[in-house]
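Dropping target11.txt in here (compact mmCIF, C-alpha atoms):
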# COMPACT_ATOMS: atom_id res chain seq x y z
CA LYS A 1 -65.04 -133.56 174.44
CA LYS A 2 -63.90 -131.14 177.14
CA ILE A 3 -60.90 -133.29 178.04
CA MET A 4 -59.90 -133.78 174.41
CA ASN A 5 -60.11 -130.02 173.87
CA GLU A 6 -57.87 -129.40 176.88
CA ILE A 7 -55.29 -132.05 175.95
CA SER A 8 -55.42 -131.74 172.16
CA PRO A 9 -53.15 -134.79 171.80
CA ASP A 10 -50.74 -135.23 168.91
CA ILE A 11 -51.44 -138.97 168.96
CA LEU A 12 -54.58 -140.70 170.17
CA PHE A 13 -54.16 -144.44 170.69
CA ILE A 14 -57.40 -146.44 170.85
CA GLY A 15 -56.76 -149.74 172.63
CA ASP A 16 -59.80 -151.54 171.22
CA SER A 17 -61.14 -149.99 168.04
CA GLN A 18 -64.33 -152.08 168.02
CA THR A 19 -65.98 -150.91 171.24
CA PRO A 20 -68.75 -148.28 171.19
CA ILE A 21 -66.86 -145.76 173.36
CA SER A 22 -63.97 -145.87 170.90
CA PHE A 23 -66.14 -144.31 168.19
CA THR A 24 -66.68 -141.30 170.47
CA TYR A 25 -62.98 -140.92 171.26
CA ALA A 26 -62.12 -141.17 167.58
CA ILE A 27 -64.59 -138.43 166.57
CA TYR A 28 -63.18 -135.91 169.05
CA GLY A 29 -59.62 -136.97 168.33
CA LEU A 30 -60.06 -136.40 164.61
CA MET A 31 -61.75 -133.06 165.33
CA GLN A 32 -58.57 -132.09 167.22
CA LYS A 33 -56.49 -133.12 164.19
CA SER A 34 -54.87 -135.88 166.29
CA TYR A 35 -53.15 -138.82 164.61
CA VAL A 36 -55.54 -141.59 165.64
CA ILE A 37 -54.27 -145.17 165.90
CA GLY A 38 -56.88 -147.92 166.05
CA ASN A 39 -55.59 -151.06 167.73
CA VAL A 40 -57.27 -154.48 167.43
CA ARG A 41 -57.15 -155.96 170.91
CA THR A 42 -56.83 -159.63 170.07
CA TRP A 43 -56.62 -162.04 167.16
CA ASP A 44 -60.26 -163.19 166.99
CA HIS A 45 -62.03 -159.82 167.08
CA LEU A 46 -61.99 -158.87 163.40
CA THR A 47 -64.24 -161.78 162.46
CA LYS A 48 -66.73 -161.59 165.34
CA ASN A 49 -66.69 -158.30 167.25
CA GLY A 50 -68.47 -155.99 164.86
CA PRO A 51 -67.31 -152.95 162.89
CA LEU A 52 -64.09 -151.00 163.29
CA VAL A 53 -64.02 -147.27 163.93
CA PRO A 54 -63.69 -146.05 160.31
CA ASP A 55 -61.34 -143.54 158.68
CA LEU A 56 -58.57 -143.53 161.29
CA SER A 57 -55.00 -142.47 160.58
CA GLU A 58 -53.82 -146.08 160.81
CA TYR A 59 -54.65 -149.46 162.36
CA TRP A 60 -52.50 -151.92 164.33
CA VAL A 61 -52.76 -155.72 164.13
CA TRP A 62 -50.72 -158.68 165.33
CA ASN A 63 -49.98 -160.48 162.08
CA ASN A 64 -50.58 -160.85 158.34
CA THR A 65 -53.69 -162.97 158.89
CA MET A 66 -55.34 -160.12 160.81
CA LYS A 67 -54.23 -157.67 158.14
CA ASP A 68 -55.94 -159.78 155.49
CA GLU A 69 -59.11 -159.97 157.63
CA MET A 70 -59.11 -156.22 158.14
CA MET A 71 -58.87 -155.63 154.39
CA LYS A 72 -61.44 -158.29 153.50
CA PHE A 73 -64.10 -157.74 156.16
CA HIS A 74 -63.61 -154.07 157.09
CA ASN A 75 -62.48 -152.55 153.79
CA VAL A 76 -59.35 -150.94 155.24
CA LYS A 77 -56.62 -150.14 152.73
CA SER A 78 -53.38 -152.09 153.04
CA ASP A 79 -51.17 -149.01 153.49
CA LEU A 80 -53.14 -147.98 156.59
CA ILE A 81 -52.43 -151.25 158.43
CA GLU A 82 -49.30 -151.77 160.55
CA ILE A 83 -48.24 -155.18 161.86
CA VAL A 84 -46.82 -154.65 165.35
CA GLY A 85 -47.31 -158.07 166.97
CA SER A 86 -48.63 -158.35 170.53
CA PRO A 87 -46.51 -157.53 173.60
CA GLN A 88 -47.95 -160.50 175.49
CA PHE A 89 -45.74 -162.79 173.40
CA ASP A 90 -42.55 -160.87 174.19
CA ASN A 91 -42.37 -162.78 177.49
CA TYR A 92 -41.99 -166.07 175.62
CA PHE A 93 -39.25 -164.84 173.34
CA ASN A 94 -37.40 -163.56 176.43
CA VAL A 95 -38.13 -166.60 178.58
CA LYS A 96 -34.42 -167.49 179.00
CA ASN A 97 -33.91 -164.14 180.72
CA LEU A 98 -36.82 -164.63 183.14
CA ASN A 99 -35.30 -167.34 185.39
CA PRO A 100 -38.34 -169.68 185.23
CA ASP A 101 -37.11 -171.88 188.09
CA SER A 102 -37.13 -168.95 190.51
CA ILE A 103 -40.51 -167.68 189.30
CA LEU A 104 -42.12 -171.11 189.72
CA ALA A 105 -40.50 -171.61 193.12
CA GLU A 106 -42.30 -168.49 194.38
CA LYS A 107 -45.57 -170.32 193.64
CA ASN A 108 -44.32 -173.56 195.26
CA ILE A 109 -44.20 -175.27 191.87
CA SER A 110 -41.38 -177.68 191.15
CA SER A 111 -39.51 -176.94 187.92
CA ASP A 112 -38.39 -180.54 187.36
CA GLY A 113 -40.27 -180.59 184.05
CA ASN A 114 -42.88 -183.21 184.98
CA MET A 115 -45.80 -180.83 184.62
CA ILE A 116 -49.07 -180.82 182.71
CA LEU A 117 -50.67 -177.39 182.39
CA PHE A 118 -54.46 -177.21 182.17
CA GLY A 119 -55.67 -173.84 180.89
CA ALA A 120 -59.27 -173.48 182.04
CA ASN A 121 -61.77 -171.40 180.11
CA ARG A 122 -64.76 -169.42 181.35
CA PHE A 123 -67.69 -171.55 182.50
CA HIS A 124 -69.84 -171.23 179.37
CA ARG A 125 -66.82 -172.01 177.18
CA GLY A 126 -65.45 -174.75 179.38
CA ILE A 127 -68.45 -176.83 180.40
CA GLY A 128 -67.16 -180.16 181.67
CA GLU A 129 -63.57 -179.02 182.24
CA PRO A 130 -63.60 -179.99 185.97
CA SER A 131 -64.57 -183.59 185.10
CA ILE A 132 -61.81 -183.72 182.46
CA ALA A 133 -59.24 -182.33 184.90
CA LYS A 134 -60.32 -184.89 187.52
CA HIS A 135 -59.93 -187.68 184.97
CA ILE A 136 -56.36 -186.52 184.27
CA ALA A 137 -55.67 -186.31 188.02
CA GLU A 138 -56.85 -189.91 188.51
CA LYS A 139 -54.58 -191.07 185.68
CA ILE A 140 -51.62 -189.26 187.23
CA LYS A 141 -52.46 -190.72 190.64
CA SER A 142 -52.45 -194.26 189.22
CA PHE A 143 -49.26 -193.62 187.19
CA SER A 144 -51.15 -194.46 184.00
CA TYR A 145 -49.35 -191.80 181.97
CA SER A 146 -45.90 -192.19 183.46
CA LYS A 147 -44.04 -193.86 186.29
CA LEU A 148 -42.76 -190.42 187.24
CA ASN A 149 -44.47 -188.11 189.70
CA PHE A 150 -46.38 -185.47 187.76
CA GLN A 151 -47.89 -182.14 188.75
CA LEU A 152 -51.16 -180.92 187.29
CA ILE A 153 -51.29 -177.14 187.20
CA ILE A 154 -54.78 -175.70 186.64
CA ARG A 155 -54.82 -172.04 185.62
CA SER A 156 -57.98 -169.94 185.66
CA HIS A 157 -59.28 -167.73 182.87
CA PRO A 158 -58.86 -164.02 183.79
CA MET A 159 -62.64 -163.49 183.54
CA ASP A 160 -63.71 -166.54 185.56
CA GLN A 161 -64.98 -165.63 189.02
CA GLU A 162 -66.24 -169.17 189.72
CA PHE A 163 -62.93 -170.97 189.16
CA GLU A 164 -62.32 -172.18 192.71
CA GLU A 165 -65.88 -173.41 193.13
CA ARG A 166 -65.88 -175.19 189.75
CA PHE A 167 -62.68 -177.11 190.44
CA LYS A 168 -63.12 -177.66 194.20
CA ASP A 169 -63.28 -181.46 193.83
CA LEU A 170 -59.64 -181.52 192.75
CA LYS A 171 -58.35 -180.05 196.00
CA GLU A 172 -58.02 -183.59 197.38
CA TYR A 173 -55.05 -184.29 195.08
CA SER A 174 -51.74 -183.18 196.58
CA PHE A 175 -50.10 -182.91 193.16
CA VAL A 176 -52.73 -180.52 191.78
CA LYS A 177 -51.86 -176.83 191.95
CA PHE A 178 -54.36 -174.03 191.34
CA LEU A 179 -53.30 -170.71 189.85
CA LYS A 180 -55.75 -167.82 189.93
CA THR A 181 -55.07 -165.41 187.10
CA PRO A 182 -55.40 -161.69 187.97
CA ASN A 183 -58.99 -160.55 187.41
CA ILE A 184 -59.17 -158.61 184.17
CA ASP A 185 -62.20 -156.70 185.53
CA ASP A 186 -60.01 -155.26 188.32
CA PHE A 187 -56.92 -154.64 186.24
CA ASP A 188 -53.55 -154.15 187.92
CA PRO A 189 -50.84 -153.78 185.24
CA VAL A 190 -48.03 -154.81 187.60
CA GLU A 191 -49.77 -158.03 188.70
CA TYR A 192 -50.78 -158.78 185.12
CA LYS A 193 -47.19 -158.42 183.96
CA LYS A 194 -46.01 -160.76 186.72
CA ASP A 195 -48.64 -163.25 185.61
CA GLY A 196 -47.24 -163.01 182.08
CA TYR A 197 -43.80 -163.98 183.40
CA LEU A 198 -45.38 -166.84 185.35
CA MET A 199 -47.25 -168.08 182.27
CA ALA A 200 -44.08 -168.02 180.17
CA SER A 201 -42.25 -169.98 182.88
CA LEU A 202 -45.05 -172.54 183.18
CA LEU A 203 -45.20 -173.18 179.45
CA ALA A 204 -41.43 -173.39 179.16
CA LYS A 205 -41.35 -176.11 181.82
CA SER A 206 -44.57 -178.00 181.01
CA LYS A 207 -44.68 -181.24 179.06
CA ILE A 208 -48.13 -180.46 177.62
CA LEU A 209 -50.72 -177.68 177.51
CA ILE A 210 -54.35 -178.85 177.62
CA CYS A 211 -57.02 -176.25 176.90
CA GLY A 212 -60.28 -175.56 175.10
CA GLN A 213 -60.67 -173.12 172.24
CA SER A 214 -58.19 -170.57 173.53
CA THR A 215 -55.42 -168.13 172.62
CA LEU A 216 -53.23 -170.21 174.94
CA ALA A 217 -52.50 -172.45 171.96
CA ILE A 218 -50.57 -169.54 170.42
CA ASP A 219 -48.77 -168.91 173.71
CA ALA A 220 -47.74 -172.57 173.89
CA SER A 221 -46.40 -172.50 170.34
CA CYS A 222 -43.98 -169.74 171.39
CA THR A 223 -42.31 -172.11 173.87
CA ASN A 224 -42.71 -175.17 171.61
CA THR A 225 -44.97 -176.81 174.19
CA PRO A 226 -47.17 -179.66 172.85
CA ILE A 227 -50.83 -178.62 172.65
CA ILE A 228 -54.07 -180.57 173.14
CA ASN A 229 -57.38 -178.84 172.37
CA LEU A 230 -60.47 -180.20 174.13
CA ALA A 231 -63.52 -180.73 171.89
CA PHE A 232 -65.78 -182.49 174.40
CA GLU A 233 -67.44 -181.87 177.77
CA GLY A 234 -66.10 -184.76 179.80
CA GLN A 235 -68.89 -186.33 181.84
CA GLU A 236 -71.34 -183.47 181.30
CA ASP A 237 -74.38 -183.94 179.07
CA VAL A 238 -74.60 -180.86 176.86
CA PRO A 239 -77.06 -180.17 173.99
CA GLY A 240 -75.36 -180.28 170.60
CA LEU A 241 -75.70 -176.58 169.88
CA LEU A 242 -73.96 -175.70 173.16
CA SER A 243 -71.12 -178.17 172.72
CA VAL A 244 -67.58 -176.80 172.89
CA ARG A 245 -66.96 -178.62 169.59
CA ASN A 246 -68.88 -175.86 167.84
CA ARG A 247 -66.50 -173.23 169.17
CA TYR A 248 -63.83 -174.49 166.79
CA HIS A 249 -66.01 -173.77 163.74
CA VAL A 250 -64.88 -170.15 163.47
CA ASN A 251 -62.52 -168.53 160.99
CA HIS A 252 -59.61 -167.74 163.29
CA TYR A 253 -59.45 -171.15 165.00
CA GLN A 254 -59.93 -173.06 161.78
CA ASP A 255 -56.84 -171.23 160.49
CA LEU A 256 -54.95 -172.34 163.58
CA LEU A 257 -56.07 -175.97 163.30
CA LYS A 258 -54.96 -176.10 159.66
CA THR A 259 -51.35 -175.70 160.81
CA GLU A 260 -51.59 -179.17 162.42
CA GLY A 261 -49.71 -177.77 165.40
CA THR A 262 -52.26 -179.03 167.90
CA ARG A 263 -54.33 -182.16 168.46
CA LEU A 264 -58.10 -181.93 168.83
CA VAL A 265 -59.53 -184.65 171.12
CA SER A 266 -63.21 -185.61 171.30
CA ASN A 267 -63.35 -188.08 174.20
CA PHE A 268 -61.40 -189.42 177.18
CA GLU A 269 -59.76 -192.21 175.18
CA GLU A 270 -58.40 -189.79 172.58
CA LEU A 271 -57.20 -187.50 175.37
CA ASP A 272 -55.31 -190.26 177.17
CA ASN A 273 -53.77 -191.58 173.95
CA GLN A 274 -52.58 -188.13 172.93
CA ILE A 275 -51.04 -187.40 176.33
CA LEU A 276 -49.12 -190.68 176.09
CA LYS A 277 -47.98 -189.89 172.53
CA TYR A 278 -46.69 -186.46 173.50
CA LEU A 279 -44.87 -187.81 176.56
CA GLU A 280 -43.23 -190.44 174.38
CA ASN A 281 -42.46 -188.07 171.51
CA PRO A 282 -42.56 -184.34 172.44
CA SER A 283 -41.40 -183.38 168.93
CA GLN A 284 -44.72 -184.56 167.47
CA CYS A 285 -46.42 -181.57 165.74
CA PHE A 286 -43.20 -179.54 166.02
CA GLU A 287 -43.47 -178.09 162.51
CA GLY A 288 -47.12 -177.24 163.08
CA ARG A 289 -46.35 -175.43 166.34
CA LYS A 290 -43.72 -173.41 164.50
CA LYS A 291 -46.36 -172.46 161.91
CA ILE A 292 -48.71 -171.31 164.70
CA LYS A 293 -45.97 -169.16 166.21
CA ASP A 294 -44.90 -167.62 162.91
CA LYS A 295 -48.44 -167.11 161.62
CA PHE A 296 -50.13 -165.75 164.73
CA ALA A 297 -47.48 -164.57 167.24
CA GLY A 298 -44.80 -163.48 164.78
CA ASP A 299 -41.10 -164.23 164.75
CA ASN A 300 -38.75 -163.20 167.54
CA LYS A 301 -36.41 -161.15 165.36
CA LEU A 302 -37.95 -157.98 166.75
CA LEU A 303 -40.09 -157.85 169.88
CA SER A 304 -43.56 -156.37 169.63
CA SER A 305 -42.68 -153.74 172.23
CA GLU A 306 -39.76 -152.66 170.02
CA ARG A 307 -41.98 -152.52 166.94
CA ILE A 308 -44.46 -150.33 168.79
CA ILE A 309 -41.79 -147.92 170.00
CA ASN A 310 -40.29 -147.76 166.50
CA ARG A 311 -43.68 -147.06 164.95
CA LEU A 312 -44.54 -144.34 167.48
CA THR A 313 -41.13 -142.75 166.90
CA THR A 314 -41.73 -142.73 163.15
CA ILE A 315 -45.16 -141.13 163.59
CA LEU A 316 -43.77 -138.44 165.91
CA GLU A 317 -40.98 -137.64 163.47
CA LYS A 318 -43.55 -137.39 160.70
CA LEU A 319 -45.77 -135.06 162.75
CA ASN A 320 -42.80 -132.88 163.76
CA SER A 321 -41.74 -132.49 160.14
Would you put the structure from the file into structure tokens?
Amino acid sequence: KKIMNEISPDILFIGDSQTPISFTYAIYGLMQKSYVIGNVRTWDHLTKNGPLVPDLSEYWVWNNTMKDEMMKFHNVKSDLIEIVGSPQFDNYFNVKNLNPDSILAEKNISSDGNMILFGANRFHRGIGEPSIAKHIAEKIKSFSYSKLNFQLIIRSHPMDQEFEERFKDLKEYSFVKFLKTPNIDDFDPVEYKKDGYLMASLLAKSKILICGQSTLAIDASCTNTPIINLAFEGQEDVPGLLSVRNRYHVNHYQDLLKTEGTRLVSNFEELDNQILKYLENPSQCFEGRKKIKDKFAGDNKLLSSERIINRLTTILEKLNS
């Protein structure tokens, strides 16, 4: 309260308008007559992360789907909701300007295009992922997928502190590369931005993205990279209620699956068959991937960062008048 009284901001931007501390910020911001913007941090929060801070000046979302969810589940009026996209996708729309070959070379990754990217999840959401990754590595080793030499890039989730231990058995494969994502609990904006450039470069050069229930499917759609979603635990024996299959039975991911832009696989045989199909025909699911991009990431006619600047400019002009 003391800080808000001292600053008395014209605009108060709340980065995540569903966290408890945000309610406190909003109260003191509104008491100071600030214009309070409530941002929704990511695409799956409106259906599972509890109530929004109510009665703010306006709310920001990524896309029309989130706008509909905000109106339906949180009773926010349409004219208070602004669609601004998400800056994380700007990297993909600018990927040609990033020089992916150079970015990958810094990580000792060949940019010859023969790459499979494995996006790991956190442990409790990715039970069995190490055994699935090892299965893929064995298939690459035996040239079962292709007669070409392939690289398997395994990328950690930003909140996984056990990544290296979980996947330690794959260190024996010379063609497997591990990428540790910057820890979101120890946030460094510069490193995180560099990681965004790296991710855009990886997806642009990869033949396939393999992941569990993850936002990475949206990222991959922005670079038109074929997507496989894992709906099984590999060689792990998991009780039905804890199965990763159940993680797809949520509103936001059901909407994504309906686009038919990804392939859901439930066992090793389906996984191998789908990898072979994508390698033979990368254009498979092309229209579906475009639907994912347009529906969840937005088009690339105007970058999210530009939309945000434009909106802030409009608000400032309104306040000044």
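Point (-58.8, -188.7, 189.0) has the following residues at most 12 Å away: Pro130, Ser131, Ile132, Ala133, Lys134, His135, Ile136, Ala137, Glu138, Lys139, Ile140, Lys141, Ser142, Phe143, Ser144, Leu152, Asp169, Leu170, Lys171, Glu172, Tyr173, Ser174, Phe175 and Val176 of chain A (atoms considered: only C-alpha atoms).
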Env of stretch 116-118 of chain A: 7 Å cut, atoms = only C-alpha atoms, seq-sep filter 4 positions within chain, self excluded. Answer as a list in words. Gln151, Leu152, Ile153, Ile154, Arg155, Ser206, Lys207, Ile208, Leu209, Ile210 and Cys211 of chain A
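The residue that comes closest to A:Glu191, out of A:Pro158, A:Arg166, A:Asn49, A:Ser214 and on the basis of only C-alpha atoms, is A:Pro158.
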Determine, counting all atoms listed in the file, which protein, DNA and RNA residues have an atom within 9 Å of an atom of A:Gly85; residues of the same chain fewer than 4 positions away are not included. Present the result as a ChimeraX atom specification. /A:60-63,89,296-298,303-305,307-308
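With all atoms listed in the file as the atoms that count, the residue of A:Lys205, A:Arg247, A:Arg311, A:His252 with the shortest distance to A:Lys96 is A:Lys205.
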Selection near A:Pro226, 8 Å with only C-alpha atoms, sequence-local residues under 4 positions removed, as a PyMOL selection string: chain A and resi 207-209+220-221+262+278+282-286+289
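Atom CA of A:Phe13 is found 4.8 Å from atom CA of A:Ile37.
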Residue among A:Asn97, A:Asn183, A:Ser78, A:Thr65 lying closest to A:Ala200, counting all atoms listed in the file: A:Asn97
Of A:Ile309, A:Leu256, A:Leu198, A:Leu271, the one sitting nearest A:Glu106 when using only C-alpha atoms is A:Leu198
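Within 10 Å of the point (-48.7, -167.1, 184.8), and counting all atoms listed in the file, the protein, DNA and RNA residues are Ile103, Leu104, Lys107, Arg155, Ser156, Leu179, Lys180, Thr181, Pro182, Glu191, Tyr192, Lys193, Lys194, Asp195, Gly196, Tyr197, Leu198, Met199, Ala200, Ser201, Leu202 and Leu203 of chain A.
When all atoms listed in the file are used to measure the gap to A:Glu233, the shortest distance among A:Phe268, A:Phe187, A:Phe178, A:Phe150 belongs to A:Phe268.
Among A:Leu56, A:Leu12, A:Leu302, A:Ile184, the residue with the shortest atom-to-atom distance to A:Val84, counting all atoms listed in the file, is A:Leu302.
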With all atoms of stretch 150-157 of chain A from the file as input, state the centre and edge lengths in Å to one decimal of the axis-aligned box that has 4 Å extra on each side, as lines of an AutoDock Vina configuration file.
center_x = -52.8
center_y = -176.6
center_z = 185.8
size_x = 20.9
size_y = 25.7
size_z = 13.9
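The gap separating atom CA of A:Ala204 from atom CA of A:Leu98 is 10.7 Å, in Å to one decimal.
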Tell me, in Å to one decimal, how far atom CA of A:Lys290 is from atom CA of A:Asp272. 24.1 Å
So which residues touch A:Ala26 within 12 Å, counting all atoms listed in the file, skipping near sequence neighbours fewer than 3 positions away, as a PyMOL selection string? chain A and resi 1+4+9+11-23+29-39+52-58
Which residues are near A:Leu46? Cut-off 9 Å, all atoms listed in the file, ignore same chain within fewer than 2 positions. Put them as a PyMOL selection string. chain A and resi 18+40+42-44+48-52+66+69-70+73-74
Generate the output file for the selected residues, C-alpha atoms, as a PDB file, keeping the file's coordinate frame.
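Contents of result_0.pdb, freshly written:
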ATOM      1  CA  GLN A  18     -64.330-152.080 168.020  1.00  0.00           C
ATOM      2  CA  VAL A  40     -57.270-154.480 167.430  1.00  0.00           C
ATOM      3  CA  THR A  42     -56.830-159.630 170.070  1.00  0.00           C
ATOM      4  CA  TRP A  43     -56.620-162.040 167.160  1.00  0.00           C
ATOM      5  CA  ASP A  44     -60.260-163.190 166.990  1.00  0.00           C
ATOM      6  CA  LYS A  48     -66.730-161.590 165.340  1.00  0.00           C
ATOM      7  CA  ASN A  49     -66.690-158.300 167.250  1.00  0.00           C
ATOM      8  CA  GLY A  50     -68.470-155.990 164.860  1.00  0.00           C
ATOM      9  CA  PRO A  51     -67.310-152.950 162.890  1.00  0.00           C
ATOM     10  CA  LEU A  52     -64.090-151.000 163.290  1.00  0.00           C
ATOM     11  CA  MET A  66     -55.340-160.120 160.810  1.00  0.00           C
ATOM     12  CA  GLU A  69     -59.110-159.970 157.630  1.00  0.00           C
ATOM     13  CA  MET A  70     -59.110-156.220 158.140  1.00  0.00           C
ATOM     14  CA  PHE A  73     -64.100-157.740 156.160  1.00  0.00           C
ATOM     15  CA  HIS A  74     -63.610-154.070 157.090  1.00  0.00           C
TER      16      HIS A  74
END
Would you mind completing stretch 123-147 of chain A to N, CA and C atoms and writing the output as a PDB file, in the coordinates of the input?
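What follows is the written file part06.pdb:
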ATOM      1  N   PHE A 123     -66.743-170.466 182.309  1.00  0.00           N
ATOM      2  CA  PHE A 123     -67.690-171.550 182.500  1.00  0.00           C
ATOM      3  C   PHE A 123     -68.425-171.921 181.213  1.00  0.00           C
ATOM      4  N   HIS A 124     -69.011-170.918 180.533  1.00  0.00           N
ATOM      5  CA  HIS A 124     -69.840-171.230 179.370  1.00  0.00           C
ATOM      6  C   HIS A 124     -69.012-171.720 178.190  1.00  0.00           C
ATOM      7  N   ARG A 125     -67.695-171.505 178.243  1.00  0.00           N
ATOM      8  CA  ARG A 125     -66.820-172.010 177.180  1.00  0.00           C
ATOM      9  C   ARG A 125     -66.061-173.261 177.619  1.00  0.00           C
ATOM     10  N   GLY A 126     -66.195-173.605 178.868  1.00  0.00           N
ATOM     11  CA  GLY A 126     -65.450-174.750 179.380  1.00  0.00           C
ATOM     12  C   GLY A 126     -66.323-175.697 180.188  1.00  0.00           C
ATOM     13  N   ILE A 127     -67.545-175.897 179.711  1.00  0.00           N
ATOM     14  CA  ILE A 127     -68.450-176.830 180.400  1.00  0.00           C
ATOM     15  C   ILE A 127     -67.809-178.217 180.404  1.00  0.00           C
ATOM     16  N   GLY A 128     -67.734-178.816 181.570  1.00  0.00           N
ATOM     17  CA  GLY A 128     -67.160-180.160 181.670  1.00  0.00           C
ATOM     18  C   GLY A 128     -65.679-180.187 181.975  1.00  0.00           C
ATOM     19  N   GLU A 129     -65.023-179.040 181.984  1.00  0.00           N
ATOM     20  CA  GLU A 129     -63.570-179.020 182.240  1.00  0.00           C
ATOM     21  C   GLU A 129     -63.208-179.636 183.607  1.00  0.00           C
ATOM     22  N   PRO A 130     -63.955-179.368 184.679  1.00  0.00           N
ATOM     23  CA  PRO A 130     -63.600-179.990 185.970  1.00  0.00           C
ATOM     24  C   PRO A 130     -63.584-181.518 185.898  1.00  0.00           C
ATOM     25  N   SER A 131     -64.544-182.130 185.189  1.00  0.00           N
ATOM     26  CA  SER A 131     -64.570-183.590 185.100  1.00  0.00           C
ATOM     27  C   SER A 131     -63.394-184.102 184.271  1.00  0.00           C
ATOM     28  N   ILE A 132     -62.973-183.327 183.270  1.00  0.00           N
ATOM     29  CA  ILE A 132     -61.810-183.720 182.460  1.00  0.00           C
ATOM     30  C   ILE A 132     -60.536-183.609 183.290  1.00  0.00           C
ATOM     31  N   ALA A 133     -60.413-182.512 184.043  1.00  0.00           N
ATOM     32  CA  ALA A 133     -59.240-182.330 184.900  1.00  0.00           C
ATOM     33  C   ALA A 133     -59.164-183.426 185.960  1.00  0.00           C
ATOM     34  N   LYS A 134     -60.321-183.817 186.506  1.00  0.00           N
ATOM     35  CA  LYS A 134     -60.320-184.890 187.520  1.00  0.00           C
ATOM     36  C   LYS A 134     -59.910-186.220 186.892  1.00  0.00           C
ATOM     37  N   HIS A 135     -60.349-186.470 185.671  1.00  0.00           N
ATOM     38  CA  HIS A 135     -59.930-187.680 184.970  1.00  0.00           C
ATOM     39  C   HIS A 135     -58.408-187.717 184.824  1.00  0.00           C
ATOM     40  N   ILE A 136     -57.822-186.593 184.426  1.00  0.00           N
ATOM     41  CA  ILE A 136     -56.360-186.520 184.270  1.00  0.00           C
ATOM     42  C   ILE A 136     -55.686-186.752 185.620  1.00  0.00           C
ATOM     43  N   ALA A 137     -56.239-186.147 186.678  1.00  0.00           N
ATOM     44  CA  ALA A 137     -55.670-186.310 188.020  1.00  0.00           C
ATOM     45  C   ALA A 137     -55.683-187.778 188.445  1.00  0.00           C
ATOM     46  N   GLU A 138     -56.760-188.485 188.165  1.00  0.00           N
ATOM     47  CA  GLU A 138     -56.850-189.910 188.510  1.00  0.00           C
ATOM     48  C   GLU A 138     -55.805-190.723 187.741  1.00  0.00           C
ATOM     49  N   LYS A 139     -55.587-190.370 186.492  1.00  0.00           N
ATOM     50  CA  LYS A 139     -54.580-191.070 185.680  1.00  0.00           C
ATOM     51  C   LYS A 139     -53.173-190.804 186.214  1.00  0.00           C
ATOM     52  N   ILE A 140     -52.919-189.573 186.640  1.00  0.00           N
ATOM     53  CA  ILE A 140     -51.620-189.260 187.230  1.00  0.00           C
ATOM     54  C   ILE A 140     -51.442-190.023 188.537  1.00  0.00           C
ATOM     55  N   LYS A 141     -52.493-190.050 189.341  1.00  0.00           N
ATOM     56  CA  LYS A 141     -52.460-190.720 190.640  1.00  0.00           C
ATOM     57  C   LYS A 141     -52.138-192.213 190.490  1.00  0.00           C
ATOM     58  N   SER A 142     -52.672-192.829 189.436  1.00  0.00           N
ATOM     59  CA  SER A 142     -52.450-194.260 189.220  1.00  0.00           C
ATOM     60  C   SER A 142     -51.236-194.541 188.335  1.00  0.00           C
ATOM     61  N   PHE A 143     -50.457-193.499 188.033  1.00  0.00           N
ATOM     62  CA  PHE A 143     -49.260-193.620 187.190  1.00  0.00           C
ATOM     63  C   PHE A 143     -49.570-194.209 185.816  1.00  0.00           C
ATOM     64  N   SER A 144     -50.748-193.918 185.301  1.00  0.00           N
ATOM     65  CA  SER A 144     -51.150-194.460 184.000  1.00  0.00           C
ATOM     66  C   SER A 144     -50.424-193.772 182.837  1.00  0.00           C
ATOM     67  N   TYR A 145     -50.055-192.521 183.027  1.00  0.00           N
ATOM     68  CA  TYR A 145     -49.350-191.800 181.970  1.00  0.00           C
ATOM     69  C   TYR A 145     -47.845-192.007 182.047  1.00  0.00           C
ATOM     70  N   SER A 146     -47.342-192.098 183.269  1.00  0.00           N
ATOM     71  CA  SER A 146     -45.900-192.190 183.460  1.00  0.00           C
ATOM     72  C   SER A 146     -45.617-192.755 184.849  1.00  0.00           C
ATOM     73  N   LYS A 147     -44.460-193.362 184.990  1.00  0.00           N
ATOM     74  CA  LYS A 147     -44.040-193.860 186.290  1.00  0.00           C
ATOM     75  C   LYS A 147     -43.452-192.731 187.137  1.00  0.00           C
TER      76      LYS A 147
END
